[in-house]
>>> print(open('query-v4.txt').read())   # compact mmCIF, N, CA, C and O atoms
# COMPACT_ATOMS: atom_id res chain seq x y z
N MET A 1 8.26 216.50 -1.79
CA MET A 1 9.22 216.57 -0.72
C MET A 1 10.04 217.85 -0.90
O MET A 1 10.47 218.17 -2.00
N TYR A 2 10.24 218.55 0.20
CA TYR A 2 10.98 219.81 0.20
C TYR A 2 12.12 219.74 1.22
O TYR A 2 12.10 218.93 2.14
N LEU A 3 13.08 220.65 1.04
CA LEU A 3 14.19 220.81 1.98
C LEU A 3 14.14 222.21 2.54
O LEU A 3 13.74 223.15 1.85
N VAL A 4 14.59 222.37 3.77
CA VAL A 4 14.83 223.70 4.32
C VAL A 4 16.28 224.03 3.97
O VAL A 4 17.19 223.22 4.20
N VAL A 5 16.48 225.19 3.36
CA VAL A 5 17.82 225.60 2.93
C VAL A 5 18.16 226.95 3.57
O VAL A 5 17.28 227.71 3.97
N ARG A 6 19.47 227.21 3.65
CA ARG A 6 19.96 228.44 4.28
C ARG A 6 21.14 228.95 3.46
O ARG A 6 21.92 228.17 2.93
N ASN A 7 21.27 230.28 3.42
CA ASN A 7 22.43 230.85 2.71
C ASN A 7 23.43 231.40 3.73
O ASN A 7 23.23 231.29 4.94
N ASP A 8 24.50 231.98 3.24
CA ASP A 8 25.56 232.49 4.12
C ASP A 8 25.11 233.65 4.99
O ASP A 8 25.75 233.97 5.98
N GLU A 9 24.03 234.31 4.62
CA GLU A 9 23.47 235.41 5.42
C GLU A 9 22.46 234.90 6.44
O GLU A 9 21.77 235.68 7.07
N GLU A 10 22.38 233.57 6.59
CA GLU A 10 21.45 232.91 7.51
C GLU A 10 19.99 233.27 7.21
O GLU A 10 19.18 233.46 8.11
N GLN A 11 19.68 233.34 5.92
CA GLN A 11 18.31 233.51 5.46
C GLN A 11 17.82 232.13 5.03
O GLN A 11 18.57 231.35 4.44
N TYR A 12 16.58 231.83 5.31
CA TYR A 12 16.02 230.50 5.07
C TYR A 12 15.00 230.51 3.96
O TYR A 12 14.35 231.52 3.69
N SER A 13 14.87 229.36 3.32
CA SER A 13 13.86 229.17 2.28
C SER A 13 13.58 227.67 2.18
O SER A 13 14.19 226.87 2.90
N ILE A 14 12.65 227.32 1.30
CA ILE A 14 12.42 225.91 1.01
C ILE A 14 12.80 225.66 -0.44
O ILE A 14 12.78 226.58 -1.27
N TRP A 15 13.14 224.42 -0.74
CA TRP A 15 13.55 224.05 -2.08
C TRP A 15 13.08 222.63 -2.35
O TRP A 15 13.14 221.78 -1.45
N ARG A 16 12.62 222.38 -3.54
CA ARG A 16 12.18 221.02 -3.88
C ARG A 16 13.36 220.07 -3.79
O ARG A 16 14.45 220.34 -4.30
N ALA A 17 13.14 218.94 -3.15
CA ALA A 17 14.22 217.99 -2.89
C ALA A 17 14.78 217.37 -4.17
O ALA A 17 15.93 216.93 -4.19
N ASP A 18 13.99 217.33 -5.24
CA ASP A 18 14.45 216.70 -6.47
C ASP A 18 15.22 217.65 -7.38
O ASP A 18 15.60 217.28 -8.49
N ARG A 19 15.49 218.85 -6.91
CA ARG A 19 16.23 219.83 -7.71
C ARG A 19 17.57 220.15 -7.07
O ARG A 19 17.71 220.13 -5.85
N GLU A 20 18.53 220.48 -7.92
CA GLU A 20 19.85 220.87 -7.42
C GLU A 20 19.74 222.24 -6.76
O GLU A 20 19.04 223.13 -7.24
N LEU A 21 20.44 222.39 -5.62
CA LEU A 21 20.41 223.67 -4.92
C LEU A 21 21.13 224.75 -5.72
O LEU A 21 22.16 224.48 -6.34
N PRO A 22 20.62 225.96 -5.69
CA PRO A 22 21.33 227.05 -6.37
C PRO A 22 22.61 227.39 -5.60
O PRO A 22 22.74 227.11 -4.41
N ALA A 23 23.53 228.02 -6.30
CA ALA A 23 24.80 228.41 -5.68
C ALA A 23 24.54 229.29 -4.46
O ALA A 23 23.67 230.16 -4.48
N GLY A 24 25.28 229.03 -3.40
CA GLY A 24 25.18 229.85 -2.20
C GLY A 24 24.13 229.38 -1.19
O GLY A 24 23.98 230.00 -0.15
N TRP A 25 23.41 228.32 -1.50
CA TRP A 25 22.40 227.78 -0.59
C TRP A 25 22.81 226.37 -0.16
O TRP A 25 23.39 225.62 -0.94
N TYR A 26 22.49 226.05 1.10
CA TYR A 26 22.93 224.78 1.69
C TYR A 26 21.75 224.13 2.42
O TYR A 26 20.89 224.83 2.97
N ARG A 27 21.77 222.82 2.47
CA ARG A 27 20.74 222.10 3.23
C ARG A 27 20.86 222.45 4.70
O ARG A 27 21.95 222.43 5.26
N GLU A 28 19.75 222.76 5.33
CA GLU A 28 19.73 223.07 6.75
C GLU A 28 19.60 221.79 7.56
O GLU A 28 20.00 221.74 8.72
N GLY A 29 19.03 220.76 6.96
CA GLY A 29 18.91 219.49 7.63
C GLY A 29 17.48 218.97 7.72
O GLY A 29 17.27 217.79 7.92
N ARG A 30 16.51 219.83 7.57
CA ARG A 30 15.11 219.44 7.69
C ARG A 30 14.53 219.18 6.30
O ARG A 30 14.81 219.91 5.35
N SER A 31 13.71 218.14 6.18
CA SER A 31 12.99 217.88 4.94
C SER A 31 11.59 217.42 5.32
O SER A 31 11.33 216.99 6.44
N GLY A 32 10.67 217.53 4.38
CA GLY A 32 9.29 217.12 4.61
C GLY A 32 8.37 217.77 3.61
O GLY A 32 8.81 218.24 2.56
N SER A 33 7.12 217.83 3.97
CA SER A 33 6.15 218.49 3.10
C SER A 33 6.45 219.99 3.07
O SER A 33 7.18 220.52 3.92
N ARG A 34 5.85 220.65 2.12
CA ARG A 34 6.04 222.11 2.01
C ARG A 34 5.65 222.77 3.32
O ARG A 34 6.40 223.61 3.85
N GLN A 35 4.50 222.41 3.87
CA GLN A 35 4.02 223.05 5.10
C GLN A 35 4.90 222.71 6.29
O GLN A 35 5.17 223.58 7.13
N GLU A 36 5.38 221.48 6.38
CA GLU A 36 6.28 221.11 7.48
C GLU A 36 7.56 221.95 7.44
O GLU A 36 8.03 222.41 8.48
N CYS A 37 8.09 222.16 6.25
CA CYS A 37 9.31 222.95 6.12
C CYS A 37 9.05 224.42 6.46
O CYS A 37 9.84 225.05 7.15
N LEU A 38 7.92 224.96 5.99
CA LEU A 38 7.58 226.34 6.32
C LEU A 38 7.36 226.52 7.82
O LEU A 38 7.79 227.52 8.40
N ASP A 39 6.71 225.55 8.45
CA ASP A 39 6.50 225.61 9.90
C ASP A 39 7.83 225.59 10.64
O ASP A 39 8.02 226.31 11.63
N HIS A 40 8.76 224.76 10.17
CA HIS A 40 10.08 224.69 10.80
C HIS A 40 10.80 226.03 10.68
O HIS A 40 11.39 226.52 11.65
N ILE A 41 10.74 226.65 9.51
CA ILE A 41 11.37 227.96 9.32
C ILE A 41 10.74 228.99 10.25
O ILE A 41 11.45 229.80 10.85
N ASP A 42 9.43 228.96 10.39
CA ASP A 42 8.76 229.89 11.31
C ASP A 42 9.29 229.76 12.73
O ASP A 42 9.40 230.75 13.46
N MET A 43 9.63 228.54 13.14
CA MET A 43 10.14 228.32 14.50
C MET A 43 11.58 228.77 14.68
O MET A 43 11.94 229.29 15.73
N ILE A 44 12.42 228.56 13.66
CA ILE A 44 13.86 228.80 13.86
C ILE A 44 14.34 230.16 13.36
O ILE A 44 15.37 230.64 13.83
N TRP A 45 13.64 230.77 12.42
CA TRP A 45 14.11 232.04 11.84
C TRP A 45 13.42 233.18 12.56
O TRP A 45 12.44 233.74 12.09
N THR A 46 13.97 233.54 13.69
CA THR A 46 13.33 234.54 14.55
C THR A 46 13.84 235.96 14.29
O THR A 46 13.20 236.91 14.72
N ASP A 47 14.96 236.10 13.63
CA ASP A 47 15.52 237.42 13.32
C ASP A 47 15.75 237.48 11.82
O ASP A 47 16.67 236.86 11.31
N MET A 48 14.91 238.20 11.12
CA MET A 48 14.95 238.24 9.65
C MET A 48 16.11 239.06 9.08
O MET A 48 16.35 239.03 7.89
N ARG A 49 16.82 239.79 9.93
CA ARG A 49 17.92 240.61 9.43
C ARG A 49 19.05 239.70 8.93
O ARG A 49 19.37 238.70 9.56
N PRO A 50 19.68 240.06 7.81
CA PRO A 50 20.82 239.28 7.33
C PRO A 50 21.95 239.27 8.36
O PRO A 50 22.10 240.21 9.14
N LEU A 51 22.74 238.22 8.36
CA LEU A 51 23.84 238.06 9.30
C LEU A 51 24.80 239.25 9.26
O LEU A 51 25.24 239.73 10.31
N SER A 52 25.11 239.74 8.08
CA SER A 52 26.06 240.87 7.98
C SER A 52 25.51 242.11 8.69
O SER A 52 26.27 242.83 9.35
N LEU A 53 24.22 242.35 8.60
CA LEU A 53 23.63 243.50 9.29
C LEU A 53 23.65 243.28 10.80
O LEU A 53 24.00 244.20 11.55
N ARG A 54 23.32 242.09 11.25
CA ARG A 54 23.36 241.80 12.70
C ARG A 54 24.75 241.99 13.25
O ARG A 54 24.92 242.55 14.33
N ARG A 55 25.75 241.54 12.51
CA ARG A 55 27.14 241.71 12.96
C ARG A 55 27.53 243.19 13.01
O ARG A 55 28.18 243.63 13.94
N ARG A 56 27.14 243.93 11.99
CA ARG A 56 27.47 245.36 11.94
C ARG A 56 26.80 246.10 13.10
O ARG A 56 27.43 246.92 13.77
N LEU A 57 25.55 245.80 13.37
CA LEU A 57 24.85 246.46 14.47
C LEU A 57 25.40 246.04 15.83
O LEU A 57 25.42 246.84 16.76
N ALA A 58 25.87 244.81 15.95
CA ALA A 58 26.45 244.35 17.22
C ALA A 58 27.75 245.07 17.53
O ALA A 58 28.08 245.29 18.70
N GLY A 59 28.44 245.54 16.49
CA GLY A 59 29.70 246.26 16.68
C GLY A 59 29.52 247.75 16.87
O GLY A 59 30.45 248.45 17.21
N ALA A 60 28.30 248.24 16.65
CA ALA A 60 28.05 249.69 16.77
C ALA A 60 27.85 250.07 18.24
O ALA A 60 27.30 249.31 19.02
N ASP A 61 28.31 251.25 18.58
CA ASP A 61 28.07 251.76 19.93
C ASP A 61 26.70 252.41 19.95
O ASP A 61 26.48 253.46 19.37
N VAL A 62 25.78 251.78 20.60
CA VAL A 62 24.40 252.31 20.66
C VAL A 62 24.12 252.85 22.02
O VAL A 62 24.51 252.37 23.02
>>> encode(input="query-v4.txt", output="structure tokens")
Amino acid sequence: MYLVVRNDEEQYSIWRADRELPAGWYREGRSGSRQECLDHIDMIWTDMRPLSLRRRLAGADV
């Protein structure tokens, strides 16, 4: 069993459910098999840029 986890930069990963999460990572809410979690991440993580970069670029005059 795996969990989908997310950090403060809105980057996603999977983590084994029987292990304590590392500092800075939080449960996203989805759990299941490794493949189910990876498939879920593929659907929801459409912009791989870290949140801080997206915010910085949104404030730039382009």
>>> select_by_dssp(input="query-v4.txt", residues="stretch 14-55 of chain A", states="strand (DSSP E or B)", output="list in words")
Ile14, Trp15, Arg16, Trp25, Tyr26, Arg27, Glu28, Gly29, Arg30, Ser31 and Gly32 of chain A
>>> write_last_selection(input="query-v4.txt", atoms="N, CA, C and O atoms", output="short mmCIF file (atom, residue, chain, number, x, y, z; two decimals), in the coordinates of the input")
data_model
loop_
_atom_site.label_atom_id
_atom_site.label_comp_id
_atom_site.auth_asym_id
_atom_site.auth_seq_id
_atom_site.Cartn_x
_atom_site.Cartn_y
_atom_site.Cartn_z
N ILE A 14 12.65 227.32 1.30
CA ILE A 14 12.42 225.91 1.01
C ILE A 14 12.80 225.66 -0.44
O ILE A 14 12.78 226.58 -1.27
N TRP A 15 13.14 224.42 -0.74
CA TRP A 15 13.55 224.05 -2.08
C TRP A 15 13.08 222.63 -2.35
O TRP A 15 13.14 221.78 -1.45
N ARG A 16 12.62 222.38 -3.54
CA ARG A 16 12.18 221.02 -3.88
C ARG A 16 13.36 220.07 -3.79
O ARG A 16 14.45 220.34 -4.30
N TRP A 25 23.41 228.32 -1.50
CA TRP A 25 22.40 227.78 -0.59
C TRP A 25 22.81 226.37 -0.16
O TRP A 25 23.39 225.62 -0.94
N TYR A 26 22.49 226.05 1.10
CA TYR A 26 22.93 224.78 1.69
C TYR A 26 21.75 224.13 2.42
O TYR A 26 20.89 224.83 2.97
N ARG A 27 21.77 222.82 2.47
CA ARG A 27 20.74 222.10 3.23
C ARG A 27 20.86 222.45 4.70
O ARG A 27 21.95 222.43 5.26
N GLU A 28 19.75 222.76 5.33
CA GLU A 28 19.73 223.07 6.75
C GLU A 28 19.60 221.79 7.56
O GLU A 28 20.00 221.74 8.72
N GLY A 29 19.03 220.76 6.96
CA GLY A 29 18.91 219.49 7.63
C GLY A 29 17.48 218.97 7.72
O GLY A 29 17.27 217.79 7.92
N ARG A 30 16.51 219.83 7.57
CA ARG A 30 15.11 219.44 7.69
C ARG A 30 14.53 219.18 6.30
O ARG A 30 14.81 219.91 5.35
N SER A 31 13.71 218.14 6.18
CA SER A 31 12.99 217.88 4.94
C SER A 31 11.59 217.42 5.32
O SER A 31 11.33 216.99 6.44
N GLY A 32 10.67 217.53 4.38
CA GLY A 32 9.29 217.12 4.61
C GLY A 32 8.37 217.77 3.61
O GLY A 32 8.81 218.24 2.56
#
>>> atom_distance(input="query-v4.txt", atom1="atom C of A:Asp47", atom2="atom O of A:Gly59")
19.1 Å
>>> closest_residue(input="query-v4.txt", among="A:Val4, A:Leu51, A:Ile14, A:Met43", to="A:Gly29", atoms="all atoms listed in the file")
A:Val4
>>> residues_around(input="query-v4.txt", residues="A:Tyr12", least_positions_apart="5", cutoff="8 Å", atoms="only N, CA, C and O atoms", output="NGL selection string")
:A and (3-7 or 26 or 41 or 45 or 47-48)
>>> atom_distance(input="query-v4.txt", atom1="atom CA of A:Tyr2", atom2="atom C of A:Thr46")
21.6 Å
>>> build_atoms(input="query-v4.txt", residues="stretch 5-16 of chain A", atoms="all heavy atoms", output="short mmCIF file (atom, residue, chain, number, x, y, z; two decimals), in the coordinates of the input")
data_model
loop_
_atom_site.label_atom_id
_atom_site.label_comp_id
_atom_site.auth_asym_id
_atom_site.auth_seq_id
_atom_site.Cartn_x
_atom_site.Cartn_y
_atom_site.Cartn_z
N VAL A 5 16.48 225.19 3.36
CA VAL A 5 17.82 225.60 2.93
C VAL A 5 18.16 226.95 3.57
O VAL A 5 17.28 227.71 3.97
CB VAL A 5 17.91 225.67 1.39
CG1 VAL A 5 17.75 224.29 0.79
CG2 VAL A 5 16.90 226.63 0.80
N ARG A 6 19.47 227.21 3.65
CA ARG A 6 19.96 228.44 4.28
C ARG A 6 21.14 228.95 3.46
O ARG A 6 21.92 228.17 2.93
CB ARG A 6 20.42 228.12 5.71
CG ARG A 6 20.97 229.29 6.48
CD ARG A 6 21.41 228.88 7.88
NE ARG A 6 22.35 227.78 7.91
CZ ARG A 6 23.66 227.90 7.75
NH1 ARG A 6 24.22 229.06 7.53
NH2 ARG A 6 24.44 226.84 7.79
N ASN A 7 21.27 230.28 3.42
CA ASN A 7 22.43 230.85 2.71
C ASN A 7 23.43 231.40 3.73
O ASN A 7 23.23 231.29 4.94
CB ASN A 7 21.99 231.91 1.69
CG ASN A 7 21.36 233.13 2.32
OD1 ASN A 7 21.50 233.41 3.51
ND2 ASN A 7 20.64 233.89 1.51
N ASP A 8 24.50 231.98 3.24
CA ASP A 8 25.56 232.49 4.12
C ASP A 8 25.11 233.65 4.99
O ASP A 8 25.75 233.97 5.98
CB ASP A 8 26.79 232.92 3.30
CG ASP A 8 27.50 231.73 2.68
OD1 ASP A 8 27.39 230.61 3.23
OD2 ASP A 8 28.17 231.91 1.65
N GLU A 9 24.03 234.31 4.62
CA GLU A 9 23.47 235.41 5.42
C GLU A 9 22.46 234.90 6.44
O GLU A 9 21.77 235.68 7.07
CB GLU A 9 22.83 236.45 4.51
CG GLU A 9 23.81 237.29 3.74
CD GLU A 9 24.53 238.31 4.61
OE1 GLU A 9 24.07 238.63 5.72
OE2 GLU A 9 25.58 238.82 4.15
N GLU A 10 22.38 233.57 6.59
CA GLU A 10 21.45 232.91 7.51
C GLU A 10 19.99 233.27 7.21
O GLU A 10 19.18 233.46 8.11
CB GLU A 10 21.81 233.19 8.96
CG GLU A 10 23.14 232.57 9.34
CD GLU A 10 23.48 232.71 10.81
OE1 GLU A 10 22.74 233.36 11.57
OE2 GLU A 10 24.51 232.14 11.20
N GLN A 11 19.68 233.34 5.92
CA GLN A 11 18.31 233.51 5.46
C GLN A 11 17.82 232.13 5.03
O GLN A 11 18.57 231.35 4.44
CB GLN A 11 18.26 234.50 4.30
CG GLN A 11 18.72 235.89 4.71
CD GLN A 11 18.94 236.79 3.53
OE1 GLN A 11 19.61 236.43 2.58
NE2 GLN A 11 18.37 237.98 3.60
N TYR A 12 16.58 231.83 5.31
CA TYR A 12 16.02 230.50 5.07
C TYR A 12 15.00 230.51 3.96
O TYR A 12 14.35 231.52 3.69
CB TYR A 12 15.35 229.97 6.34
CG TYR A 12 16.33 229.64 7.43
CD1 TYR A 12 16.79 230.63 8.29
CD2 TYR A 12 16.82 228.36 7.58
CE1 TYR A 12 17.70 230.34 9.29
CE2 TYR A 12 17.73 228.05 8.58
CZ TYR A 12 18.17 229.04 9.44
OH TYR A 12 19.06 228.74 10.41
N SER A 13 14.87 229.36 3.32
CA SER A 13 13.86 229.17 2.28
C SER A 13 13.58 227.67 2.18
O SER A 13 14.19 226.87 2.90
CB SER A 13 14.37 229.71 0.95
OG SER A 13 13.32 229.71 -0.01
N ILE A 14 12.65 227.32 1.30
CA ILE A 14 12.42 225.91 1.01
C ILE A 14 12.80 225.66 -0.44
O ILE A 14 12.78 226.58 -1.27
CB ILE A 14 10.97 225.48 1.29
CG1 ILE A 14 9.97 226.25 0.42
CG2 ILE A 14 10.65 225.63 2.77
CD1 ILE A 14 8.55 225.71 0.52
N TRP A 15 13.14 224.42 -0.74
CA TRP A 15 13.55 224.05 -2.08
C TRP A 15 13.08 222.63 -2.35
O TRP A 15 13.14 221.78 -1.45
CB TRP A 15 15.08 224.13 -2.18
CG TRP A 15 15.59 224.12 -3.58
CD1 TRP A 15 16.17 223.07 -4.23
CD2 TRP A 15 15.55 225.20 -4.51
NE1 TRP A 15 16.50 223.43 -5.50
CE2 TRP A 15 16.13 224.74 -5.70
CE3 TRP A 15 15.09 226.51 -4.46
CZ2 TRP A 15 16.25 225.53 -6.83
CZ3 TRP A 15 15.22 227.30 -5.58
CH2 TRP A 15 15.79 226.82 -6.74
N ARG A 16 12.62 222.38 -3.54
CA ARG A 16 12.18 221.02 -3.88
C ARG A 16 13.36 220.07 -3.79
O ARG A 16 14.45 220.34 -4.30
CB ARG A 16 11.57 221.01 -5.26
CG ARG A 16 10.20 221.64 -5.24
CD ARG A 16 9.46 221.48 -6.51
NE ARG A 16 9.65 220.17 -7.11
CZ ARG A 16 8.88 219.69 -8.07
NH1 ARG A 16 7.89 220.40 -8.52
NH2 ARG A 16 9.13 218.51 -8.58
#
